[in-house]
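> What follows is model.pdb, made up of PDB, C-alpha atoms and all ligand atoms:
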```
ATOM      1  CA  MET A   1      11.051 -43.932 -51.657  1.00  0.00           C
ATOM      2  CA  ALA A   2       7.550 -42.518 -51.477  1.00  0.00           C
ATOM      3  CA  SER A   3       7.835 -40.254 -54.485  1.00  0.00           C
ATOM      4  CA  THR A   4       9.248 -43.053 -56.598  1.00  0.00           C
ATOM      5  CA  ALA A   5       6.561 -45.506 -55.534  1.00  0.00           C
ATOM      6  CA  ARG A   6       3.811 -43.033 -56.313  1.00  0.00           C
ATOM      7  CA  SER A   7       5.265 -42.089 -59.651  1.00  0.00           C
ATOM      8  CA  GLU A   8       4.824 -45.723 -60.525  1.00  0.00           C
ATOM      9  CA  ASP A   9       1.080 -45.661 -59.919  1.00  0.00           C
ATOM     10  CA  LYS A  10      -0.496 -47.618 -62.680  1.00  0.00           C
ATOM     11  CA  GLN A  11      -3.530 -46.183 -64.363  1.00  0.00           C
ATOM     12  CA  GLN A  12      -5.957 -47.425 -66.934  1.00  0.00           C
ATOM     13  CA  THR A  13      -8.058 -44.804 -68.574  1.00  0.00           C
ATOM     14  CA  ALA A  14     -11.573 -45.040 -69.900  1.00  0.00           C
ATOM     15  CA  THR A  15     -12.591 -41.939 -71.777  1.00  0.00           C
ATOM     16  CA  THR A  16     -16.100 -40.648 -71.935  1.00  0.00           C
ATOM     17  CA  ALA A  17     -17.934 -37.770 -73.530  1.00  0.00           C
ATOM     18  CA  LEU A  18     -19.846 -35.538 -71.122  1.00  0.00           C
ATOM     19  CA  THR A  19     -22.708 -33.594 -72.547  1.00  0.00           C
ATOM     20  CA  GLN A  20     -25.619 -31.684 -71.123  1.00  0.00           C
ATOM     21  CA  HIS A  21     -28.347 -30.973 -73.645  1.00  0.00           C
ATOM     22  CA  GLY A  22     -25.749 -31.489 -76.312  1.00  0.00           C
ATOM     23  CA  ARG A  23     -23.195 -29.152 -74.680  1.00  0.00           C
ATOM     24  CA  THR A  24     -20.224 -29.745 -72.442  1.00  0.00           C
ATOM     25  CA  THR A  25     -20.231 -27.482 -69.375  1.00  0.00           C
ATOM     26  CA  LYS A  26     -17.293 -26.659 -67.142  1.00  0.00           C
ATOM     27  CA  THR A  27     -19.254 -27.998 -64.198  1.00  0.00           C
ATOM     28  CA  MET A  28     -19.657 -31.369 -65.872  1.00  0.00           C
ATOM     29  CA  THR A  29     -15.904 -31.469 -66.429  1.00  0.00           C
ATOM     30  CA  ASN A  30     -15.414 -30.490 -62.794  1.00  0.00           C
ATOM     31  CA  LEU A  31     -17.796 -33.229 -61.647  1.00  0.00           C
ATOM     32  CA  GLU A  32     -15.737 -35.699 -63.609  1.00  0.00           C
ATOM     33  CA  ALA A  33     -12.502 -34.415 -62.027  1.00  0.00           C
ATOM     34  CA  ALA A  34     -14.023 -34.501 -58.538  1.00  0.00           C
ATOM     35  CA  TYR A  35     -15.311 -38.025 -59.099  1.00  0.00           C
ATOM     36  CA  GLN A  36     -11.829 -39.146 -60.097  1.00  0.00           C
ATOM     37  CA  ALA A  37     -10.209 -37.335 -57.152  1.00  0.00           C
ATOM     38  CA  GLU A  38     -12.574 -38.845 -54.590  1.00  0.00           C
ATOM     39  CA  TYR A  39     -12.294 -42.297 -56.093  1.00  0.00           C
ATOM     40  CA  GLY A  40      -8.499 -42.037 -56.064  1.00  0.00           C
ATOM     41  CA  ASP A  41      -8.449 -40.771 -52.471  1.00  0.00           C
ATOM     42  CA  ARG A  42     -10.639 -43.675 -51.400  1.00  0.00           C
ATOM     43  CA  ALA A  43      -8.306 -46.203 -53.039  1.00  0.00           C
ATOM     44  CA  ARG A  44      -5.227 -44.631 -51.466  1.00  0.00           C
ATOM     45  CA  TYR A  45      -6.734 -44.388 -47.974  1.00  0.00           C
ATOM     46  CA  LEU A  46      -7.769 -48.047 -48.022  1.00  0.00           C
ATOM     47  CA  ALA A  47      -4.210 -49.004 -49.024  1.00  0.00           C
ATOM     48  CA  PHE A  48      -2.823 -46.648 -46.361  1.00  0.00           C
ATOM     49  CA  ALA A  49      -5.094 -48.358 -43.785  1.00  0.00           C
ATOM     50  CA  ASP A  50      -3.557 -51.730 -44.587  1.00  0.00           C
ATOM     51  CA  LYS A  51      -0.071 -50.251 -44.210  1.00  0.00           C
ATOM     52  CA  ALA A  52      -0.985 -48.610 -40.894  1.00  0.00           C
ATOM     53  CA  ASP A  53      -2.307 -51.937 -39.606  1.00  0.00           C
ATOM     54  CA  ALA A  54       0.919 -53.640 -40.687  1.00  0.00           C
ATOM     55  CA  GLU A  55       2.973 -51.006 -38.839  1.00  0.00           C
ATOM     56  CA  GLY A  56       0.849 -51.302 -35.689  1.00  0.00           C
ATOM     57  CA  TYR A  57      -0.948 -47.963 -36.015  1.00  0.00           C
ATOM     58  CA  LYS A  58      -4.422 -49.395 -35.366  1.00  0.00           C
ATOM     59  CA  GLN A  59      -6.063 -46.035 -34.732  1.00  0.00           C
ATOM     60  CA  VAL A  60      -4.555 -44.546 -37.893  1.00  0.00           C
ATOM     61  CA  ALA A  61      -5.829 -47.550 -39.837  1.00  0.00           C
ATOM     62  CA  SER A  62      -9.402 -46.973 -38.626  1.00  0.00           C
ATOM     63  CA  MET A  63      -9.046 -43.276 -39.436  1.00  0.00           C
ATOM     64  CA  PHE A  64      -8.023 -44.060 -43.030  1.00  0.00           C
ATOM     65  CA  ARG A  65     -10.854 -46.580 -43.436  1.00  0.00           C
ATOM     66  CA  ALA A  66     -13.463 -44.150 -42.107  1.00  0.00           C
ATOM     67  CA  ILE A  67     -12.292 -41.309 -44.318  1.00  0.00           C
ATOM     68  CA  ALA A  68     -12.174 -43.661 -47.309  1.00  0.00           C
ATOM     69  CA  ARG A  69     -15.859 -44.305 -46.680  1.00  0.00           C
ATOM     70  CA  ALA A  70     -16.577 -40.574 -46.705  1.00  0.00           C
ATOM     71  CA  GLU A  71     -14.733 -40.175 -50.019  1.00  0.00           C
ATOM     72  CA  GLU A  72     -16.841 -43.039 -51.360  1.00  0.00           C
ATOM     73  CA  VAL A  73     -19.967 -41.057 -50.438  1.00  0.00           C
ATOM     74  CA  HIS A  74     -18.662 -38.060 -52.383  1.00  0.00           C
ATOM     75  CA  ALA A  75     -17.748 -40.175 -55.410  1.00  0.00           C
ATOM     76  CA  ALA A  76     -21.219 -41.760 -55.408  1.00  0.00           C
ATOM     77  CA  ASN A  77     -22.858 -38.319 -55.302  1.00  0.00           C
ATOM     78  CA  TYR A  78     -20.898 -37.197 -58.357  1.00  0.00           C
ATOM     79  CA  ALA A  79     -21.588 -40.413 -60.268  1.00  0.00           C
ATOM     80  CA  ALA A  80     -25.326 -40.004 -59.638  1.00  0.00           C
ATOM     81  CA  LEU A  81     -25.248 -36.382 -60.789  1.00  0.00           C
ATOM     82  CA  LEU A  82     -23.287 -37.193 -63.937  1.00  0.00           C
ATOM     83  CA  LYS A  83     -25.669 -39.995 -64.826  1.00  0.00           C
ATOM     84  CA  GLY A  84     -28.673 -37.765 -64.143  1.00  0.00           C
ATOM     85  CA  MET A  85     -27.265 -35.104 -66.461  1.00  0.00           C
ATOM     86  CA  GLY A  86     -27.069 -37.558 -69.318  1.00  0.00           C
ATOM     87  CA  GLY A  87     -23.311 -38.006 -69.211  1.00  0.00           C
ATOM     88  CA  ALA A  88     -21.331 -41.114 -68.469  1.00  0.00           C
ATOM     89  CA  THR A  89     -18.607 -41.138 -65.843  1.00  0.00           C
ATOM     90  CA  THR A  90     -14.889 -41.165 -66.484  1.00  0.00           C
ATOM     91  CA  LEU A  91     -12.675 -43.154 -64.188  1.00  0.00           C
ATOM     92  CA  GLU A  92      -8.973 -43.874 -64.026  1.00  0.00           C
ATOM     93  CA  MET A  93      -8.354 -47.090 -62.113  1.00  0.00           C
ATOM     94  CA  VAL A  94      -5.719 -46.230 -59.540  1.00  0.00           C
ATOM     95  CA  THR A  95      -3.213 -48.629 -58.003  1.00  0.00           C
ATOM     96  CA  PRO A  96      -2.073 -46.584 -55.016  1.00  0.00           C
ATOM     97  CA  GLY A  97       1.549 -45.942 -54.164  1.00  0.00           C
ATOM     98  CA  VAL A  98       2.084 -46.620 -50.466  1.00  0.00           C
ATOM     99  CA  ALA A  99       4.925 -45.294 -48.312  1.00  0.00           C
ATOM    100  CA  SER A 100       5.410 -45.320 -44.524  1.00  0.00           C
ATOM    101  CA  THR A 101       2.408 -44.410 -42.394  1.00  0.00           C
ATOM    102  CA  ARG A 102       3.996 -41.104 -41.445  1.00  0.00           C
ATOM    103  CA  GLU A 103       4.476 -40.238 -45.118  1.00  0.00           C
ATOM    104  CA  ASN A 104       0.995 -41.487 -45.993  1.00  0.00           C
ATOM    105  CA  VAL A 105      -0.574 -39.224 -43.370  1.00  0.00           C
ATOM    106  CA  GLN A 106       1.372 -36.287 -44.817  1.00  0.00           C
ATOM    107  CA  TRP A 107       0.193 -37.193 -48.331  1.00  0.00           C
ATOM    108  CA  ALA A 108      -3.382 -37.147 -47.027  1.00  0.00           C
ATOM    109  CA  ILE A 109      -2.888 -33.750 -45.359  1.00  0.00           C
ATOM    110  CA  ASP A 110      -1.564 -32.292 -48.612  1.00  0.00           C
ATOM    111  CA  GLN A 111      -4.403 -33.812 -50.638  1.00  0.00           C
ATOM    112  CA  GLU A 112      -7.166 -32.639 -48.298  1.00  0.00           C
ATOM    113  CA  THR A 113      -5.606 -29.162 -48.213  1.00  0.00           C
ATOM    114  CA  LYS A 114      -5.645 -28.949 -52.001  1.00  0.00           C
ATOM    115  CA  GLU A 115      -9.245 -30.085 -52.190  1.00  0.00           C
ATOM    116  CA  LYS A 116     -10.694 -27.906 -49.414  1.00  0.00           C
ATOM    117  CA  ASP A 117      -8.720 -24.737 -50.183  1.00  0.00           C
ATOM    118  CA  THR A 118      -8.414 -24.776 -53.975  1.00  0.00           C
ATOM    119  CA  MET A 119     -10.381 -27.384 -55.889  1.00  0.00           C
ATOM    120  CA  TYR A 120     -13.792 -27.235 -54.239  1.00  0.00           C
ATOM    121  CA  PRO A 121     -14.022 -23.452 -53.797  1.00  0.00           C
ATOM    122  CA  ALA A 122     -13.353 -23.075 -57.545  1.00  0.00           C
ATOM    123  CA  PHE A 123     -15.822 -25.838 -58.444  1.00  0.00           C
ATOM    124  CA  ILE A 124     -18.562 -24.279 -56.287  1.00  0.00           C
ATOM    125  CA  THR A 125     -18.063 -20.872 -57.925  1.00  0.00           C
ATOM    126  CA  GLN A 126     -18.254 -22.442 -61.382  1.00  0.00           C
ATOM    127  CA  ALA A 127     -21.337 -24.533 -60.529  1.00  0.00           C
ATOM    128  CA  ARG A 128     -23.168 -21.393 -59.436  1.00  0.00           C
ATOM    129  CA  LYS A 129     -22.138 -19.677 -62.681  1.00  0.00           C
ATOM    130  CA  ASP A 130     -23.524 -22.684 -64.559  1.00  0.00           C
ATOM    131  CA  LYS A 131     -26.689 -22.527 -62.421  1.00  0.00           C
ATOM    132  CA  ASN A 132     -26.135 -26.121 -61.345  1.00  0.00           C
ATOM    133  CA  GLU A 133     -27.259 -25.999 -57.721  1.00  0.00           C
ATOM    134  CA  ASP A 134     -27.155 -29.796 -57.313  1.00  0.00           C
ATOM    135  CA  ALA A 135     -23.470 -29.815 -58.207  1.00  0.00           C
ATOM    136  CA  ALA A 136     -22.787 -26.790 -55.981  1.00  0.00           C
ATOM    137  CA  ARG A 137     -24.459 -28.563 -53.053  1.00  0.00           C
ATOM    138  CA  CYS A 138     -22.475 -31.789 -53.547  1.00  0.00           C
ATOM    139  CA  PHE A 139     -19.214 -29.855 -53.887  1.00  0.00           C
ATOM    140  CA  HIS A 140     -20.088 -28.036 -50.671  1.00  0.00           C
ATOM    141  CA  TYR A 141     -20.738 -31.351 -48.891  1.00  0.00           C
ATOM    142  CA  ALA A 142     -17.304 -32.577 -49.939  1.00  0.00           C
ATOM    143  CA  MET A 143     -15.489 -29.339 -49.086  1.00  0.00           C
ATOM    144  CA  SER A 144     -16.993 -29.426 -45.602  1.00  0.00           C
ATOM    145  CA  ALA A 145     -15.941 -33.048 -45.050  1.00  0.00           C
ATOM    146  CA  GLU A 146     -12.438 -32.479 -46.450  1.00  0.00           C
ATOM    147  CA  SER A 147     -11.915 -29.765 -43.841  1.00  0.00           C
ATOM    148  CA  GLU A 148     -12.753 -32.326 -41.143  1.00  0.00           C
ATOM    149  CA  HIS A 149     -10.436 -34.873 -42.753  1.00  0.00           C
ATOM    150  CA  PHE A 150      -7.618 -32.336 -42.857  1.00  0.00           C
ATOM    151  CA  ALA A 151      -8.025 -31.691 -39.117  1.00  0.00           C
ATOM    152  CA  VAL A 152      -8.141 -35.411 -38.259  1.00  0.00           C
ATOM    153  CA  TYR A 153      -4.995 -36.150 -40.284  1.00  0.00           C
ATOM    154  CA  GLN A 154      -3.147 -33.137 -38.926  1.00  0.00           C
ATOM    155  CA  GLN A 155      -3.891 -34.170 -35.352  1.00  0.00           C
ATOM    156  CA  ALA A 156      -2.597 -37.660 -36.129  1.00  0.00           C
ATOM    157  CA  ALA A 157       0.583 -36.264 -37.702  1.00  0.00           C
ATOM    158  CA  HIS A 158       1.300 -34.214 -34.589  1.00  0.00           C
ATOM    159  CA  ASN A 159       0.823 -37.179 -32.224  1.00  0.00           C
ATOM    160  CA  LEU A 160       1.588 -40.184 -34.390  1.00  0.00           C
ATOM    161  CA  ASP A 161       3.352 -42.158 -31.676  1.00  0.00           C
ATOM    162  CA  ASP A 162       0.218 -41.928 -29.523  1.00  0.00           C
ATOM    163  CA  TYR A 163      -1.748 -43.658 -32.305  1.00  0.00           C
ATOM    164  CA  LYS A 164       0.327 -46.821 -32.154  1.00  0.00           C
ATOM    165  CA  GLY A 165      -1.184 -49.887 -30.489  1.00  0.00           C
ATOM    166  CA  GLY A 166      -4.521 -49.990 -28.710  1.00  0.00           C
ATOM    167  CA  ALA A 167      -7.850 -50.678 -30.301  1.00  0.00           C
ATOM    168  CA  SER A 168      -9.259 -48.995 -33.374  1.00  0.00           C
ATOM    169  CA  ILE A 169     -11.669 -46.156 -32.609  1.00  0.00           C
ATOM    170  CA  PRO A 170     -14.846 -45.827 -34.686  1.00  0.00           C
ATOM    171  CA  PHE A 171     -15.923 -42.824 -36.702  1.00  0.00           C
ATOM    172  CA  MET A 172     -19.480 -41.968 -37.743  1.00  0.00           C
ATOM    173  CA  ILE A 173     -19.968 -41.137 -41.431  1.00  0.00           C
ATOM    174  CA  CYS A 174     -22.984 -39.334 -42.903  1.00  0.00           C
ATOM    175  CA  PRO A 175     -24.232 -41.392 -45.881  1.00  0.00           C
ATOM    176  CA  LEU A 176     -25.331 -38.295 -47.804  1.00  0.00           C
ATOM    177  CA  CYS A 177     -22.611 -35.659 -47.300  1.00  0.00           C
ATOM    178  CA  GLY A 178     -19.715 -37.684 -45.890  1.00  0.00           C
ATOM    179  CA  LYS A 179     -19.505 -35.749 -42.618  1.00  0.00           C
ATOM    180  CA  THR A 180     -16.860 -37.519 -40.541  1.00  0.00           C
ATOM    181  CA  VAL A 181     -17.064 -37.364 -36.743  1.00  0.00           C
ATOM    182  CA  ARG A 182     -16.152 -39.397 -33.658  1.00  0.00           C
ATOM    183  CA  SER A 183     -19.639 -38.776 -32.311  1.00  0.00           C
ATOM    184  CA  LEU A 184     -22.581 -36.579 -33.245  1.00  0.00           C
ATOM    185  CA  GLY A 185     -24.286 -34.531 -30.535  1.00  0.00           C
ATOM    186  CA  ALA A 186     -27.100 -33.310 -32.788  1.00  0.00           C
ATOM    187  CA  THR A 187     -30.071 -35.464 -33.893  1.00  0.00           C
ATOM    188  CA  VAL A 188     -29.464 -34.639 -37.568  1.00  0.00           C
ATOM    189  CA  CYS A 189     -26.385 -33.955 -39.679  1.00  0.00           C
ATOM    190  CA  PRO A 190     -25.594 -30.239 -39.344  1.00  0.00           C
ATOM    191  CA  VAL A 191     -24.475 -30.146 -42.995  1.00  0.00           C
ATOM    192  CA  CYS A 192     -27.249 -32.028 -44.837  1.00  0.00           C
ATOM    193  CA  SER A 193     -29.941 -32.808 -42.185  1.00  0.00           C
ATOM    194  CA  THR A 194     -29.666 -36.591 -42.557  1.00  0.00           C
ATOM    195  CA  PRO A 195     -30.945 -38.196 -39.292  1.00  0.00           C
ATOM    196  CA  LYS A 196     -28.230 -39.311 -36.888  1.00  0.00           C
ATOM    197  CA  ASP A 197     -29.502 -42.914 -36.954  1.00  0.00           C
ATOM    198  CA  LYS A 198     -28.619 -43.136 -40.648  1.00  0.00           C
ATOM    199  CA  PHE A 199     -24.933 -42.472 -39.977  1.00  0.00           C
ATOM    200  CA  VAL A 200     -22.619 -45.404 -40.679  1.00  0.00           C
ATOM    201  CA  GLU A 201     -20.035 -46.547 -38.141  1.00  0.00           C
ATOM    202  CA  VAL A 202     -16.601 -47.382 -39.562  1.00  0.00           C
ATOM    203  CA  ARG A 203     -13.625 -48.581 -37.548  1.00  0.00           C
TER     204      ARG A 203
HETATM  205 FE    FE A 301     -11.352 -36.152 -47.568  1.00  0.00          FE
HETATM  206 FE    FE A 302     -24.587 -35.041 -43.789  1.00  0.00          FE
END
```
Just dump the structure as structure tokens.
Ligand SMILES: [Fe+2]
Ligand SMILES: [Fe+2]

Amino acid sequence: MASTARSEDKQQTATTALTQHGRTTKTMTNLEAAYQAEYGDRARYLAFADKADAEGYKQVASMFRAIARAEEVHAANYAALLKGMGGATTLEMVTPGVASTRENVQWAIDQETKEKDTMYPAFITQARKDKNEDAARCFHYAMSAESEHFAVYQQAAHNLDDYKGGASIPFMICPLCGKTVRSLGATVCPVCSTPKDKFVEVR
């Protein structure tokens, strides 16, 4: 059962002190939480991609791999910020619980919903209170991408049978903000202005 498998996720914890000029800020704690969330999402989506491949959902597999790459971009942004602020990163190594592809897509929908509607709006508000515009910008990048991920997963959930068989379809991922699209009409990323030719293709 999915819930049982996931409750058995194994985690190893490395603890770290986060300080900024000798103080711990809420935004630094939030950066740490976001880093962990994005890292965990990436690990799960890569495991979900393998499961989708095994079940014959080639297009769902490419979708999970592409979105995993976007979450990797977000995690890297947070790690760089934490290091730049003089703190070390905290990371729980996640061994993902994997269920059926249909259940995995639903897990992803629930996770993206939580992040775009609850976690990131709160983190952005706090970062502005802490006058940490770099963190606010990176949280905004992620919130924007998570909204795209939510839509992609929801569309797959509604038409899952149509995603079985056939060839994988590539996505384009922005290397700075994680924007996730099938194709980009503009010459630069509309979220972060990274040139289109820097986007990474994942399938
Ligand atoms: Fe996402
Ligand atoms: Fe971007």
> For a quick check of understanding, using all atoms listed in the file, which of A:Ala136, A:Ser144, A:Cys189, A:Arg102 has the smallest distance to Val60 (chain A)?
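Of A:Ala136, A:Ser144, A:Cys189, A:Arg102, the one nearest Val60 (chain A), counting all atoms listed in the file, is A:Arg102.
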> Pick out the residues no farther than 9 Å from ligand FE 302 (chain A), counting all atoms listed in the file, and list them as a PyMOL selection string.
chain A and resi 141+145+173-180+188-196+199
> Which residues sit within 10 Å of ligand FE 301 (chain A), counting only C-alpha atoms and all ligand atoms, listed as number ranges by chain?
A: 37-38, 41-42, 45, 64, 66-72, 74, 108-109, 111-113, 115-116, 142-150, 152-153, 178-180
> Just the number, please: distance in Å from CA of Val94 (chain A) to CA of Val181 (chain A), one decimal.
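For CA of Val94 (chain A) relative to CA of Val181 (chain A), the distance reads 27.0 Å.
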> Can you list what the PyMOL selection byres (((chain A and resi 122) around 12) and not hetatm) grabs from this structure, as a PDB file with C-alpha atoms, in the frame of the given file?

```pdb
ATOM      1  CA  LYS A  26     -17.293 -26.659 -67.142  1.00  0.00           C
ATOM      2  CA  THR A  27     -19.254 -27.998 -64.198  1.00  0.00           C
ATOM      3  CA  ASN A  30     -15.414 -30.490 -62.794  1.00  0.00           C
ATOM      4  CA  LEU A  31     -17.796 -33.229 -61.647  1.00  0.00           C
ATOM      5  CA  ALA A  34     -14.023 -34.501 -58.538  1.00  0.00           C
ATOM      6  CA  LYS A 114      -5.645 -28.949 -52.001  1.00  0.00           C
ATOM      7  CA  GLU A 115      -9.245 -30.085 -52.190  1.00  0.00           C
ATOM      8  CA  LYS A 116     -10.694 -27.906 -49.414  1.00  0.00           C
ATOM      9  CA  ASP A 117      -8.720 -24.737 -50.183  1.00  0.00           C
ATOM     10  CA  THR A 118      -8.414 -24.776 -53.975  1.00  0.00           C
ATOM     11  CA  MET A 119     -10.381 -27.384 -55.889  1.00  0.00           C
ATOM     12  CA  TYR A 120     -13.792 -27.235 -54.239  1.00  0.00           C
ATOM     13  CA  PRO A 121     -14.022 -23.452 -53.797  1.00  0.00           C
ATOM     14  CA  PHE A 123     -15.822 -25.838 -58.444  1.00  0.00           C
ATOM     15  CA  ILE A 124     -18.562 -24.279 -56.287  1.00  0.00           C
ATOM     16  CA  THR A 125     -18.063 -20.872 -57.925  1.00  0.00           C
ATOM     17  CA  GLN A 126     -18.254 -22.442 -61.382  1.00  0.00           C
ATOM     18  CA  ALA A 127     -21.337 -24.533 -60.529  1.00  0.00           C
ATOM     19  CA  ARG A 128     -23.168 -21.393 -59.436  1.00  0.00           C
ATOM     20  CA  LYS A 129     -22.138 -19.677 -62.681  1.00  0.00           C
ATOM     21  CA  ALA A 136     -22.787 -26.790 -55.981  1.00  0.00           C
ATOM     22  CA  PHE A 139     -19.214 -29.855 -53.887  1.00  0.00           C
ATOM     23  CA  HIS A 140     -20.088 -28.036 -50.671  1.00  0.00           C
ATOM     24  CA  MET A 143     -15.489 -29.339 -49.086  1.00  0.00           C
TER      25      MET A 143
END
```
> Considering all atoms listed in the file, state which residue in the set A:Ala52, A:Ala135, A:Ala157, A:Ala43 is at the smallest distance from Glu92 (chain A).
A:Ala43
> Got a sec to resolve the PyMOL selection byres (((chain A and resi 161-169) around 8) and not hetatm) on this structure and send the residues as a list of chain:residue names?
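Selected by the PyMOL selection byres (((chain A and resi 161-169) around 8) and not hetatm) here: A:Gly56, A:Tyr57, A:Lys58, A:Gln59, A:Val60, A:Ala61, A:Ser62, A:Met63, A:Ala156, A:Asn159, A:Leu160, A:Pro170, A:Phe171, A:Arg203.
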> Just give me the gap between CA of Lys198 (chain A) and CA of Ala80 (chain A) in Å, one decimal is fine.
19.5 Å
